[in-house]
>>> print(open('structure30.cif').read())   # mmCIF, C-alpha atoms
data_coords
loop_
_atom_site.label_atom_id
_atom_site.label_comp_id
_atom_site.auth_asym_id
_atom_site.auth_seq_id
_atom_site.Cartn_x
_atom_site.Cartn_y
_atom_site.Cartn_z
CA MET A 108 108.30 148.51 90.23
CA SER A 109 107.18 148.63 86.61
CA LEU A 110 104.95 145.91 85.30
CA GLU A 111 107.71 144.50 83.08
CA LYS A 112 109.97 144.05 86.04
CA LEU A 113 107.63 142.16 88.31
CA GLU A 114 109.19 139.18 89.99
CA LEU A 115 108.54 135.74 88.51
CA PHE A 116 107.17 133.12 90.89
CA GLU A 117 106.75 129.37 90.43
CA VAL A 118 103.48 127.88 91.71
CA PHE A 119 103.13 124.46 93.31
CA LEU A 120 99.76 122.90 94.16
CA ARG A 121 98.77 120.11 96.50
CA SER A 122 95.66 118.67 94.87
CA LYS A 123 94.64 116.58 97.87
CA ARG A 124 95.80 116.32 101.47
CA GLY A 125 98.58 113.77 101.78
CA LEU A 126 99.92 114.23 98.24
CA ASP A 127 103.07 116.10 97.22
CA HIS A 128 102.94 119.65 95.92
CA LYS A 129 103.35 119.58 92.15
CA HIS A 130 104.53 122.31 89.86
CA ALA A 131 101.54 123.96 88.18
CA GLY A 132 103.06 126.98 86.41
CA SER A 133 104.31 130.48 87.11
CA LEU A 134 103.14 134.06 87.38
CA HIS A 135 104.32 137.62 87.96
CA ALA A 136 103.70 139.37 91.29
CA GLU A 137 105.01 142.23 93.42
CA ASP A 138 105.74 140.03 96.40
CA LYS A 139 105.09 136.57 97.86
CA GLU A 140 101.75 137.44 99.48
CA GLN A 141 100.45 138.78 96.20
CA ALA A 142 101.86 135.77 94.36
CA LEU A 143 99.88 133.49 96.66
CA GLU A 144 96.64 135.33 95.97
CA TYR A 145 97.26 135.41 92.22
CA ALA A 146 98.07 131.73 92.28
CA ARG A 147 94.76 131.04 93.97
CA ASP A 148 92.99 133.15 91.36
CA VAL A 149 94.62 131.66 88.29
CA TYR A 150 95.61 128.12 89.24
CA THR A 151 92.80 126.92 91.52
CA ARG A 152 89.69 128.24 89.84
CA ARG A 153 88.28 124.71 89.71
CA SER A 154 89.37 123.56 93.18
CA GLU A 155 92.61 122.11 91.84
CA GLY A 156 94.33 122.58 95.16
CA VAL A 157 94.05 122.44 98.93
CA SER A 158 97.45 124.06 99.45
CA ILE A 159 99.68 126.36 97.40
CA TRP A 160 103.40 127.05 97.55
CA VAL A 161 104.94 129.97 95.71
CA VAL A 162 108.69 130.26 95.25
CA LYS A 163 110.66 133.00 93.51
CA SER A 164 111.89 131.50 90.25
CA SER A 165 115.30 133.04 90.88
CA ASP A 166 115.53 131.03 94.12
CA ILE A 167 115.28 127.73 92.27
CA CYS A 168 118.57 126.07 91.59
CA ALA A 169 118.10 123.58 88.78
CA SER A 170 120.27 120.95 87.14
CA GLN A 171 121.11 121.72 83.51
CA GLU A 172 119.53 119.65 80.78
CA ASP A 173 122.79 119.79 78.78
CA ASP A 174 124.79 118.33 81.64
CA SER A 175 122.26 115.64 82.39
CA GLU A 176 124.27 112.86 80.80
CA SER A 177 127.27 113.19 83.07
CA PHE A 178 125.14 114.38 85.99
CA PHE A 179 122.89 111.32 86.11
CA ASP A 180 124.90 108.58 84.47
CA PRO A 181 126.46 107.23 87.69
CA SER A 182 123.15 105.45 88.33
CA ASP A 183 122.76 104.05 84.81
CA ASP A 184 125.11 101.11 85.26
CA LYS A 185 123.75 99.92 88.60
CA PRO A 186 120.93 97.51 87.77
CA TYR A 187 121.47 95.80 91.13
CA ARG A 188 119.72 98.73 92.82
CA HIS A 189 116.46 97.39 91.38
CA ALA A 190 114.43 94.56 92.88
CA THR A 191 113.99 92.91 89.47
CA TYR A 192 117.74 92.21 89.32
CA TYR A 193 117.26 89.36 91.82
CA ASP A 194 115.42 86.18 90.83
CA ILE A 195 113.22 85.01 93.65
CA PRO A 196 111.39 81.67 93.31
CA LYS A 197 107.59 81.85 93.25
CA GLU A 198 107.30 79.32 96.07
CA VAL A 199 108.52 81.78 98.70
CA GLY A 200 105.79 84.34 98.08
CA ALA A 201 105.98 88.05 97.37
CA MET A 202 109.20 89.72 98.48
CA MET B 272 95.01 129.83 109.33
CA ALA B 273 91.62 130.78 110.73
CA GLU B 274 91.61 127.66 112.90
CA TYR B 275 94.14 129.29 115.22
CA ASN B 276 91.32 131.48 116.55
CA LYS B 277 89.58 128.44 117.97
CA SER B 278 89.91 127.05 121.46
CA GLU B 279 92.23 124.13 122.17
CA ALA B 280 89.29 121.73 122.47
CA GLU B 281 87.81 122.87 119.15
CA LEU B 282 91.18 122.56 117.45
CA GLU B 283 91.60 119.07 118.82
CA ALA B 284 88.15 118.10 117.54
CA VAL B 285 89.00 119.38 114.05
CA PHE B 286 92.30 117.53 114.21
CA GLN B 287 90.72 114.23 115.26
CA GLN B 288 88.03 114.64 112.61
CA LYS B 289 90.78 114.92 109.95
CA ILE B 290 92.42 111.77 111.32
CA ASP B 291 89.14 109.87 111.49
CA SER B 292 88.30 110.71 107.89
CA GLU B 293 91.72 109.45 106.71
CA GLN B 294 93.11 112.89 105.88
CA LYS B 295 96.81 113.49 106.34
CA ILE B 296 98.13 116.01 108.84
CA GLU B 297 100.60 118.44 107.26
CA PRO B 298 103.42 120.41 108.95
CA LYS B 299 101.55 123.72 109.20
CA ASP B 300 98.32 122.21 110.57
CA TRP B 301 97.48 122.55 114.22
CA MET B 302 98.26 119.33 116.11
CA PRO B 303 98.18 118.33 119.79
CA ALA B 304 101.55 118.70 121.52
CA ALA B 305 101.52 115.01 122.42
CA TYR B 306 100.95 114.02 118.77
CA ARG B 307 103.96 116.10 117.75
CA LYS B 308 106.07 114.64 120.55
CA ASN B 309 105.02 111.08 119.77
CA LEU B 310 105.87 111.57 116.09
CA ILE B 311 109.25 113.12 116.85
CA ARG B 312 110.04 110.12 119.05
CA GLN B 313 108.96 107.52 116.52
CA MET B 314 110.33 109.21 113.38
CA SER B 315 113.69 110.09 114.91
CA GLN B 316 114.01 106.56 116.28
CA HIS B 317 113.32 105.33 112.76
CA ALA B 318 115.95 107.71 111.33
CA HIS B 319 118.53 106.66 113.94
CA SER B 320 117.85 103.01 113.06
CA GLU B 321 118.67 103.65 109.42
CA ILE B 322 121.94 105.36 110.32
CA ILE B 323 123.08 102.94 113.03
CA GLY B 324 121.92 100.12 110.76
CA MET B 325 124.70 101.06 108.33
CA GLN B 326 127.30 99.77 110.79
CA PRO B 327 126.78 95.98 110.89
CA GLU B 328 126.71 95.79 107.09
CA GLY B 329 129.31 98.50 106.50
CA ASN B 330 131.58 96.21 108.48
CA TRP B 331 131.41 93.66 105.62
CA ILE B 332 131.92 95.87 102.57
CA THR B 333 135.67 95.32 102.47
CA ARG B 334 135.24 91.60 103.06
CA ALA B 335 132.43 90.85 100.58
CA PRO B 336 133.44 87.72 98.65
CA SER B 337 133.24 89.22 95.14
CA LEU B 338 133.20 92.58 93.42
CA ARG B 339 129.52 92.16 92.51
CA ARG B 340 128.56 91.45 96.09
CA LYS B 341 130.66 94.38 97.26
CA THR B 342 128.82 96.79 94.93
CA VAL B 343 125.43 95.40 95.99
CA LEU B 344 126.26 95.74 99.67
CA LEU B 345 127.69 99.22 99.17
CA SER B 346 124.50 100.25 97.37
CA LYS B 347 122.36 98.92 100.17
CA VAL B 348 124.35 100.77 102.84
CA GLN B 349 124.16 103.96 100.73
CA ASP B 350 120.38 103.53 100.66
CA GLU B 351 120.24 103.29 104.46
CA GLY B 352 122.16 106.57 104.70
CA GLY B 353 119.72 108.18 102.27
CA HIS B 354 116.73 106.83 104.17
CA GLY B 355 118.12 108.27 107.40
CA LEU B 356 118.30 111.63 105.64
CA TYR B 357 114.68 111.45 104.40
CA LEU B 358 113.49 110.60 107.89
CA TYR B 359 115.55 113.25 109.70
CA SER B 360 114.29 115.86 107.24
CA ALA B 361 110.68 114.74 107.69
CA THR B 362 111.16 114.89 111.48
CA GLU B 363 112.52 118.43 111.18
CA THR B 364 109.18 119.55 109.67
CA LEU B 365 107.85 119.12 113.23
CA GLY B 366 110.04 121.96 114.46
CA ILE B 367 113.04 120.17 115.95
CA ALA B 368 116.64 120.65 114.80
CA ARG B 369 118.75 117.84 113.35
CA SER B 370 121.46 118.63 115.90
CA GLU B 371 119.02 118.01 118.77
CA LEU B 372 118.09 114.64 117.29
CA ILE B 373 121.73 113.60 116.86
CA ALA B 374 122.55 114.76 120.41
CA ALA B 375 119.70 112.61 121.77
CA LEU B 376 121.02 109.59 119.86
CA GLN B 377 124.58 110.06 121.07
CA SER B 378 123.58 110.61 124.71
CA GLY B 379 121.48 107.44 124.66
CA GLN B 380 118.26 109.36 125.34
CA ALA B 381 116.84 108.36 121.96
CA LYS B 382 116.60 104.72 120.92
CA TYR B 383 117.13 102.91 117.65
CA ALA B 384 116.08 99.42 116.57
CA SER B 385 117.76 97.05 119.01
CA ILE B 386 118.51 94.54 116.22
CA PHE B 387 121.55 96.64 115.29
CA ASN B 388 123.14 95.86 118.62
CA TYR B 389 123.72 92.31 117.40
CA PRO B 390 127.09 91.84 115.69
CA ALA B 391 127.36 90.71 112.05
CA GLN B 392 129.83 87.86 112.42
CA THR B 393 129.77 86.01 109.09
CA TRP B 394 128.94 86.56 105.43
CA GLY B 395 125.78 84.56 106.13
CA ASP B 396 124.70 87.40 108.40
CA MET B 397 124.63 89.68 105.35
CA GLY B 398 122.07 87.31 103.90
CA ALA B 399 120.05 87.01 107.11
CA ILE B 400 120.06 90.76 107.75
CA GLY B 401 118.79 91.62 104.26
CA TRP B 402 116.24 88.85 104.25
CA LEU B 403 114.96 88.97 107.85
CA VAL B 404 115.88 92.38 109.28
CA ASP B 405 114.97 94.35 106.16
CA GLY B 406 112.05 91.98 105.66
CA ALA B 407 110.67 92.81 109.11
CA ALA B 408 111.36 96.52 108.56
CA ILE B 409 109.48 96.40 105.25
CA VAL B 410 106.40 94.81 106.88
CA ASN B 411 106.38 97.71 109.32
CA GLN B 412 107.10 100.35 106.70
CA VAL B 413 104.47 99.16 104.25
CA SER B 414 101.94 99.67 107.04
CA LEU B 415 103.41 103.11 107.84
CA GLN B 416 102.80 104.30 104.29
CA ARG B 417 99.29 104.97 105.61
CA THR B 418 100.46 106.85 108.72
CA SER B 419 98.53 110.06 109.42
CA TYR B 420 101.46 112.50 109.17
CA GLY B 421 101.93 113.54 105.52
CA PRO B 422 105.74 113.94 105.38
CA TYR B 423 106.26 110.61 107.21
CA SER B 424 103.81 108.83 104.94
CA ARG B 425 105.42 110.18 101.76
CA GLY B 426 108.88 109.30 103.09
CA MET B 427 107.69 105.73 103.70
CA VAL B 428 106.37 105.41 100.14
CA ARG B 429 109.75 106.43 98.74
CA ILE B 430 111.68 104.23 101.16
CA CYS B 431 109.55 101.13 100.49
CA LYS B 432 110.04 101.56 96.77
CA GLU B 433 113.80 101.86 97.09
CA GLU B 434 114.11 99.13 99.65
CA SER B 435 112.46 96.37 97.67
CA PHE B 436 115.88 95.15 96.55
CA HIS B 437 117.30 94.92 100.07
CA GLN B 438 115.34 91.89 101.15
CA ARG B 439 115.73 90.12 97.83
CA GLN B 440 119.51 90.49 97.70
CA GLY B 441 119.66 89.05 101.22
CA TYR B 442 117.52 86.08 100.28
CA VAL B 443 119.68 85.42 97.21
CA ILE B 444 122.75 85.25 99.47
CA MET B 445 120.88 82.73 101.65
CA MET B 446 119.85 80.65 98.62
CA GLU B 447 123.44 80.49 97.40
CA LEU B 448 124.75 79.43 100.82
CA ALA B 449 121.90 76.95 101.39
CA LYS B 450 122.60 75.09 98.17
CA GLY B 451 126.39 75.26 98.64
CA THR B 452 128.75 72.99 100.57
CA PRO B 453 127.67 71.55 103.94
CA ALA B 454 129.80 74.21 105.63
CA GLN B 455 128.08 76.99 103.66
CA LYS B 456 124.66 75.57 104.46
CA GLN B 457 125.66 75.45 108.13
CA MET B 458 126.67 79.11 107.91
CA ALA B 459 123.22 79.98 106.54
CA GLN B 460 121.54 77.99 109.33
CA ASP B 461 123.67 79.67 111.98
CA SER B 462 122.80 83.15 110.67
CA LEU B 463 119.10 82.26 110.54
CA ASN B 464 119.26 80.97 114.12
CA ARG B 465 120.91 84.13 115.42
CA PHE B 466 118.78 86.66 113.53
CA TYR B 467 115.32 85.05 113.57
CA TRP B 468 114.29 85.91 117.14
CA PRO B 469 115.81 89.41 117.22
CA SER B 470 113.91 90.09 113.95
CA LEU B 471 110.64 89.21 115.68
CA MET B 472 111.61 91.57 118.50
CA MET B 473 111.85 94.42 115.98
CA PHE B 474 108.06 94.75 116.11
CA GLY B 475 108.29 95.78 119.76
CA PRO B 476 106.60 94.48 122.91
CA HIS B 477 103.25 92.68 122.87
CA ASP B 478 100.31 95.05 122.37
CA SER B 479 99.35 94.54 126.01
CA GLU B 480 102.80 95.80 127.11
CA SER B 481 103.37 98.54 124.57
CA ALA B 482 103.58 102.01 126.14
CA HIS B 483 102.83 104.04 123.03
CA SER B 484 100.47 101.80 121.08
CA ALA B 485 96.97 102.91 122.12
CA LYS B 486 97.51 106.62 121.49
CA SER B 487 99.47 105.93 118.30
CA MET B 488 96.60 103.85 116.95
CA LYS B 489 93.98 106.47 117.84
CA TRP B 490 96.04 109.10 116.03
CA LYS B 491 96.80 106.65 113.21
CA ILE B 492 100.53 107.21 113.58
CA LYS B 493 100.62 103.41 113.67
CA ARG B 494 98.06 101.61 111.52
CA GLU B 495 98.51 98.02 112.71
CA THR B 496 99.53 96.74 116.11
CA ASN B 497 102.93 95.26 116.96
CA ASP B 498 101.49 91.77 117.32
CA ASP B 499 99.53 91.91 114.04
CA LEU B 500 102.59 93.05 112.10
CA ARG B 501 104.76 90.42 113.78
CA GLN B 502 102.24 87.71 112.86
CA LYS B 503 102.38 88.79 109.20
CA PHE B 504 106.14 88.47 109.26
CA ILE B 505 106.08 85.07 110.97
CA ASP B 506 103.63 83.71 108.40
CA GLN B 507 105.44 85.07 105.35
CA THR B 508 108.80 83.74 106.57
CA VAL B 509 107.71 80.10 106.98
CA PRO B 510 107.75 79.14 103.26
CA GLN B 511 110.97 81.11 102.79
CA ILE B 512 112.76 79.04 105.41
CA ALA B 513 111.27 75.84 103.98
CA TYR B 514 112.46 76.67 100.45
CA LEU B 515 116.02 77.12 101.72
CA GLY B 516 115.83 73.66 103.28
CA LEU B 517 116.87 75.08 106.64
CA GLU B 518 115.51 74.17 110.03
CA HIS B 519 113.00 76.62 111.50
CA PRO B 520 114.45 78.16 114.69
CA ASP B 521 111.03 78.15 116.41
CA LYS B 522 110.39 74.58 117.57
CA ASP B 523 106.89 75.48 118.83
CA LEU B 524 105.71 76.80 115.50
CA VAL B 525 102.51 75.09 114.29
CA TRP B 526 99.88 75.92 111.70
CA ASN B 527 96.58 76.90 113.29
CA GLU B 528 93.92 75.91 110.78
CA GLU B 529 91.13 77.70 112.62
CA LYS B 530 92.94 81.06 112.76
CA GLY B 531 94.56 80.63 109.35
CA GLN B 532 97.95 81.57 110.76
CA HIS B 533 100.87 80.08 112.66
CA ASP B 534 101.01 79.76 116.42
CA SER B 535 104.54 80.44 117.57
CA GLY B 536 106.85 80.10 120.52
CA GLU B 537 107.39 82.94 123.01
CA ILE B 538 110.07 85.55 122.46
CA ASP B 539 112.77 85.89 125.12
CA TRP B 540 111.60 89.25 126.46
CA ASP B 541 114.40 89.43 129.05
CA GLU B 542 116.84 89.52 126.17
CA PHE B 543 114.73 92.16 124.40
CA TYR B 544 114.73 94.50 127.41
CA ALA B 545 118.40 93.86 128.19
CA VAL B 546 119.40 94.89 124.65
CA ILE B 547 117.06 97.91 124.61
CA ASN B 548 118.48 99.06 127.92
CA GLY B 549 122.02 99.10 126.62
CA ASN B 550 123.30 95.63 127.40
CA GLY B 551 123.35 94.06 123.96
CA HIS B 552 126.59 92.87 122.44
CA SER B 553 127.34 96.03 120.47
CA ASN B 554 125.40 98.92 122.06
CA ARG B 555 128.42 100.86 123.30
CA GLN B 556 130.41 100.20 120.15
CA ARG B 557 127.60 101.45 117.88
CA ILE B 558 127.30 104.80 119.66
CA GLN B 559 131.05 105.22 120.08
CA HIS B 560 131.48 104.64 116.37
CA HIS B 561 128.77 107.17 115.57
CA VAL B 562 130.40 109.80 117.80
CA LYS B 563 133.81 109.08 116.31
CA ALA B 564 132.55 109.34 112.73
CA HIS B 565 130.77 112.58 113.59
CA GLU B 566 133.86 114.09 115.20
CA GLU B 567 136.19 112.93 112.46
CA GLY B 568 133.86 114.51 109.91
CA ALA B 569 134.16 117.93 111.59
CA TRP B 570 136.94 119.07 109.25
CA VAL B 571 134.70 118.41 106.22
CA ARG B 572 131.95 120.57 107.68
CA ASP B 573 134.53 123.25 108.58
CA ALA B 574 136.01 123.14 105.09
CA MET B 575 132.57 123.53 103.52
CA SER B 576 131.80 126.51 105.69
CA ALA B 577 135.22 128.09 104.99
CA TYR B 578 134.71 127.61 101.25
CA GLN B 579 131.31 129.24 101.48
CA GLN B 580 132.85 132.22 103.28
CA LYS B 581 135.52 132.47 100.63
CA LYS B 582 132.96 132.43 97.82
CA LEU B 583 130.95 135.18 99.53
CA GLN B 584 134.08 137.26 100.07
CA ARG B 585 135.06 136.88 96.41
CA LYS B 586 131.65 138.09 95.38
CA VAL B 587 131.90 141.12 97.66
CA ASN B 588 135.41 141.91 96.33
CA ALA B 589 134.20 141.63 92.73
CA GLU B 590 131.31 143.96 93.45
CA THR B 591 133.47 146.60 95.16
CA ALA B 592 135.99 146.42 92.31
CA ALA B 593 133.20 147.01 89.80
#
>>> encode(input="structure30.cif", output="structure tokens")
Amino acid sequence: MSLEKLELFEVFLRSKRGLDHKHAGSLHAEDKEQALEYARDVYTRRSEGVSIWVVKSSDICASQEDDSESFFDPSDDKPYRHATYYDIPKEVGAM
Amino acid sequence: MAEYNKSEAELEAVFQQKIDSEQKIEPKDWMPAAYRKNLIRQMSQHAHSEIIGMQPEGNWITRAPSLRRKTVLLSKVQDEGGHGLYLYSATETLGIARSELIAALQSGQAKYASIFNYPAQTWGDMGAIGWLVDGAAIVNQVSLQRTSYGPYSRGMVRICKEESFHQRQGYVIMMELAKGTPAQKQMAQDSLNRFYWPSLMMFGPHDSESAHSAKSMKWKIKRETNDDLRQKFIDQTVPQIAYLGLEHPDKDLVWNEEKGQHDSGEIDWDEFYAVINGNGHSNRQRIQHHVKAHEEGAWVRDAMSAYQQKKLQRKVNAETAA
């Protein structure tokens, strides 16, 4: 495989045990094992992570920014899904 | 990865050291078989409770007294379905299939919170369930945010955040009934009376009787004991009942100045064990309904799979044509 055609991988780092993996960036690699090593080399040079996930970018199915209005708007008119919608008197304590 | 070269005893020492220093255990870490088994039991029981818990409230969606209340109730039941999904998925990270978990629920081998075997008879019950049942669940879940298993802990954080409206909407229903007509106030009192004690039972047996507690505490699967969590709930509920102007169902409840908490009457443990062992009012109905819904949904799953096949075939045809 020529250098231009290397697969693109997305890199996710867990900065501390117990936290979620967060997207850190991407890189090119021949395969997933190599991607993992590269990710260690380029994304955790200052101990940014205790765990790394690499995923082929082409395997990520993402929602489209342009469609986001119709995609997400069903939850825009439902304020009653939030706790602050309900007035609770102070006397009864935190709820 | 290197830790797999160690002996079982060394692995267990490393594991316990992680637990003791408040580090989370993640799916690919080595863990004792009993830890895994204990988690699968507790997490799947939690997931089943969310799913079975949709039934008593789902029963009232069509009968909610206004459109606003219908949408609120519908939203709450949707949340329970979503929470069941989070918990099943987190349980699956332990290497068990969803189908195995569902089979264990339907055969009665796995349990769910026994509170859902009590029928929801009146609109007041929608208030009492949100306020007391979700309230008790939240006390437990807030504590479980610090559980030692990473995926369970993160699931609890998300669930607690989403669930904050559940208890409040229930309490608002109770406030409206309590300041309504005498008949409405009576309805609120009746719901409180029926759901108060079963809510206390949600925390499980006394610590001295609890089969799983000691190990679960050592492994930090549970962070506070059944009795400690129950006491928190009892104490926080007292001013809430007083504000509603309702009578407290526990006639033995007194403030203990020395302890800084309430002393309370004893739970009817015979009732607790009878309901857990299948003899509550709605046990059979809950499982039958689950089985029925699952079977009646088979055509949807079949249709999805058939559509997937069709899409694949179309792709193949397009490629051969080209």
>>> interface_residues(input="structure30.cif", of="chain A", to="chain B", cutoff="8 Å", atoms="only C-alpha atoms", output="PyMOL selection string")
chain A and resi 124-127+187-191+193-195+198-200+202
>>> closest_residue(input="structure30.cif", among="A:Leu113, A:His128, A:Ser175, A:Tyr192", to="A:Val157", atoms="only C-alpha atoms")
A:His128
>>> residues_around(input="structure30.cif", residues="B:His483", least_positions_apart="3", cutoff="12 Å", atoms="only C-alpha atoms", output="short mmCIF file (atom, residue, chain, number, x, y, z; two decimals) with C-alpha atoms, in the frame of the given file")
data_model
loop_
_atom_site.label_atom_id
_atom_site.label_comp_id
_atom_site.auth_asym_id
_atom_site.auth_seq_id
_atom_site.Cartn_x
_atom_site.Cartn_y
_atom_site.Cartn_z
CA ALA B 305 101.52 115.01 122.42
CA TYR B 306 100.95 114.02 118.77
CA LYS B 308 106.07 114.64 120.55
CA ASN B 309 105.02 111.08 119.77
CA LEU B 310 105.87 111.57 116.09
CA ARG B 312 110.04 110.12 119.05
CA GLN B 313 108.96 107.52 116.52
CA GLY B 475 108.29 95.78 119.76
CA PRO B 476 106.60 94.48 122.91
CA HIS B 477 103.25 92.68 122.87
CA ASP B 478 100.31 95.05 122.37
CA SER B 479 99.35 94.54 126.01
CA GLU B 480 102.80 95.80 127.11
CA LYS B 486 97.51 106.62 121.49
CA SER B 487 99.47 105.93 118.30
CA MET B 488 96.60 103.85 116.95
CA LYS B 489 93.98 106.47 117.84
CA TRP B 490 96.04 109.10 116.03
CA LYS B 491 96.80 106.65 113.21
CA ILE B 492 100.53 107.21 113.58
CA LYS B 493 100.62 103.41 113.67
CA THR B 496 99.53 96.74 116.11
CA ASN B 497 102.93 95.26 116.96
#
>>> atom_distance(input="structure30.cif", atom1="atom CA of B:Met473", atom2="atom CA of B:Ile386")
6.7 Å
>>> atom_distance(input="structure30.cif", atom1="atom CA of B:Gly329", atom2="atom CA of B:Met314")
22.9 Å
>>> residues_near_point(input="structure30.cif", point="(104.1, 98.7, 105.4)", cutoff="10 Å", atoms="all atoms listed in the file", output="PyMOL selection string")
chain B and resi 407-418+427-428+431+494-495+500
>>> atom_distance(input="structure30.cif", atom1="atom CA of B:Ile444", atom2="atom CA of B:Gly398")
4.9 Å
>>> residues_around(input="structure30.cif", residues="stretch 134-139 of chain A", least_positions_apart="2", cutoff="10 Å", atoms="all atoms listed in the file", output="JSON, numbers by chain")
{"A": [108, 109, 110, 111, 112, 113, 114, 115, 116, 117, 118, 132, 141, 142, 143, 144, 145, 146, 149, 150, 160, 161, 162, 163, 164]}
>>> resolve_selection(input="structure30.cif", expression="the PyMOL selection byres ((chain B and resi 356) around 12)", output="JSON, numbers by chain")
{"B": [314, 315, 317, 318, 319, 320, 321, 322, 349, 350, 351, 352, 353, 354, 355, 357, 358, 359, 360, 361, 362, 363, 369, 373, 426, 430]}
>>> axis_aligned_box(input="structure30.cif", around="stretch 177-194 of chain A", padding_each_side="8 Å", output="JSON")
{"center_x": 120.6, "center_y": 100.3, "center_z": 88.0, "size_x": 29.3, "size_y": 44.2, "size_z": 25.8}
>>> resolve_selection(input="structure30.cif", expression="the PyMOL selection byres ((chain B and resi 526-535) around 8)", output="list in words")
Gln502, Ile505, Asp506, Asp521, Asp523, Leu524, Val525, Gly536 and Glu537 of chain B
>>> resolve_selection(input="structure30.cif", expression="the PyMOL selection byres ((chain B and resi 562) around 12)", output="MDAnalysis selection string")
chainID B and resid 323 373:379 555:561 563:569
>>> write_last_selection(input="structure30.cif", atoms="C-alpha atoms", output="PDB file, in the coordinates of the input")
ATOM      1  CA  ILE B 323     123.080 102.940 113.030  1.00  0.00           C
ATOM      2  CA  ILE B 373     121.730 113.600 116.860  1.00  0.00           C
ATOM      3  CA  ALA B 374     122.550 114.760 120.410  1.00  0.00           C
ATOM      4  CA  ALA B 375     119.700 112.610 121.770  1.00  0.00           C
ATOM      5  CA  LEU B 376     121.020 109.590 119.860  1.00  0.00           C
ATOM      6  CA  GLN B 377     124.580 110.060 121.070  1.00  0.00           C
ATOM      7  CA  SER B 378     123.580 110.610 124.710  1.00  0.00           C
ATOM      8  CA  GLY B 379     121.480 107.440 124.660  1.00  0.00           C
ATOM      9  CA  ARG B 555     128.420 100.860 123.300  1.00  0.00           C
ATOM     10  CA  GLN B 556     130.410 100.200 120.150  1.00  0.00           C
ATOM     11  CA  ARG B 557     127.600 101.450 117.880  1.00  0.00           C
ATOM     12  CA  ILE B 558     127.300 104.800 119.660  1.00  0.00           C
ATOM     13  CA  GLN B 559     131.050 105.220 120.080  1.00  0.00           C
ATOM     14  CA  HIS B 560     131.480 104.640 116.370  1.00  0.00           C
ATOM     15  CA  HIS B 561     128.770 107.170 115.570  1.00  0.00           C
ATOM     16  CA  LYS B 563     133.810 109.080 116.310  1.00  0.00           C
ATOM     17  CA  ALA B 564     132.550 109.340 112.730  1.00  0.00           C
ATOM     18  CA  HIS B 565     130.770 112.580 113.590  1.00  0.00           C
ATOM     19  CA  GLU B 566     133.860 114.090 115.200  1.00  0.00           C
ATOM     20  CA  GLU B 567     136.190 112.930 112.460  1.00  0.00           C
ATOM     21  CA  GLY B 568     133.860 114.510 109.910  1.00  0.00           C
ATOM     22  CA  ALA B 569     134.160 117.930 111.590  1.00  0.00           C
TER      23      ALA B 569
END
>>> build_atoms(input="structure30.cif", residues="stretch 123-134 of chain A", atoms="N, CA and C atoms", output="short mmCIF file (atom, residue, chain, number, x, y, z; two decimals), in the coordinates of the input")
data_model
loop_
_atom_site.label_atom_id
_atom_site.label_comp_id
_atom_site.auth_asym_id
_atom_site.auth_seq_id
_atom_site.Cartn_x
_atom_site.Cartn_y
_atom_site.Cartn_z
N LYS A 123 95.41 117.28 96.86
CA LYS A 123 94.64 116.58 97.87
C LYS A 123 95.54 116.42 99.09
N ARG A 124 94.97 116.48 100.27
CA ARG A 124 95.80 116.32 101.47
C ARG A 124 96.54 114.98 101.39
N GLY A 125 97.80 115.01 101.78
CA GLY A 125 98.58 113.77 101.78
C GLY A 125 99.44 113.61 100.54
N LEU A 126 99.10 114.33 99.46
CA LEU A 126 99.92 114.23 98.24
C LEU A 126 101.00 115.30 98.23
N ASP A 127 102.00 115.11 97.37
CA ASP A 127 103.07 116.10 97.22
C ASP A 127 102.54 117.34 96.51
N HIS A 128 103.20 118.48 96.75
CA HIS A 128 102.94 119.65 95.92
C HIS A 128 103.56 119.40 94.55
N LYS A 129 102.83 119.77 93.51
CA LYS A 129 103.35 119.58 92.15
C LYS A 129 103.41 120.91 91.44
N HIS A 130 104.40 121.06 90.59
CA HIS A 130 104.53 122.31 89.86
C HIS A 130 103.33 122.51 88.94
N ALA A 131 102.73 123.71 89.00
CA ALA A 131 101.54 123.96 88.18
C ALA A 131 101.84 124.99 87.09
N GLY A 132 102.74 125.93 87.38
CA GLY A 132 103.06 126.98 86.41
C GLY A 132 103.70 128.15 87.11
N SER A 133 103.68 129.33 86.47
CA SER A 133 104.31 130.48 87.11
C SER A 133 103.47 131.73 86.88
N LEU A 134 103.86 132.80 87.54
CA LEU A 134 103.14 134.06 87.38
C LEU A 134 104.02 135.22 87.84
#
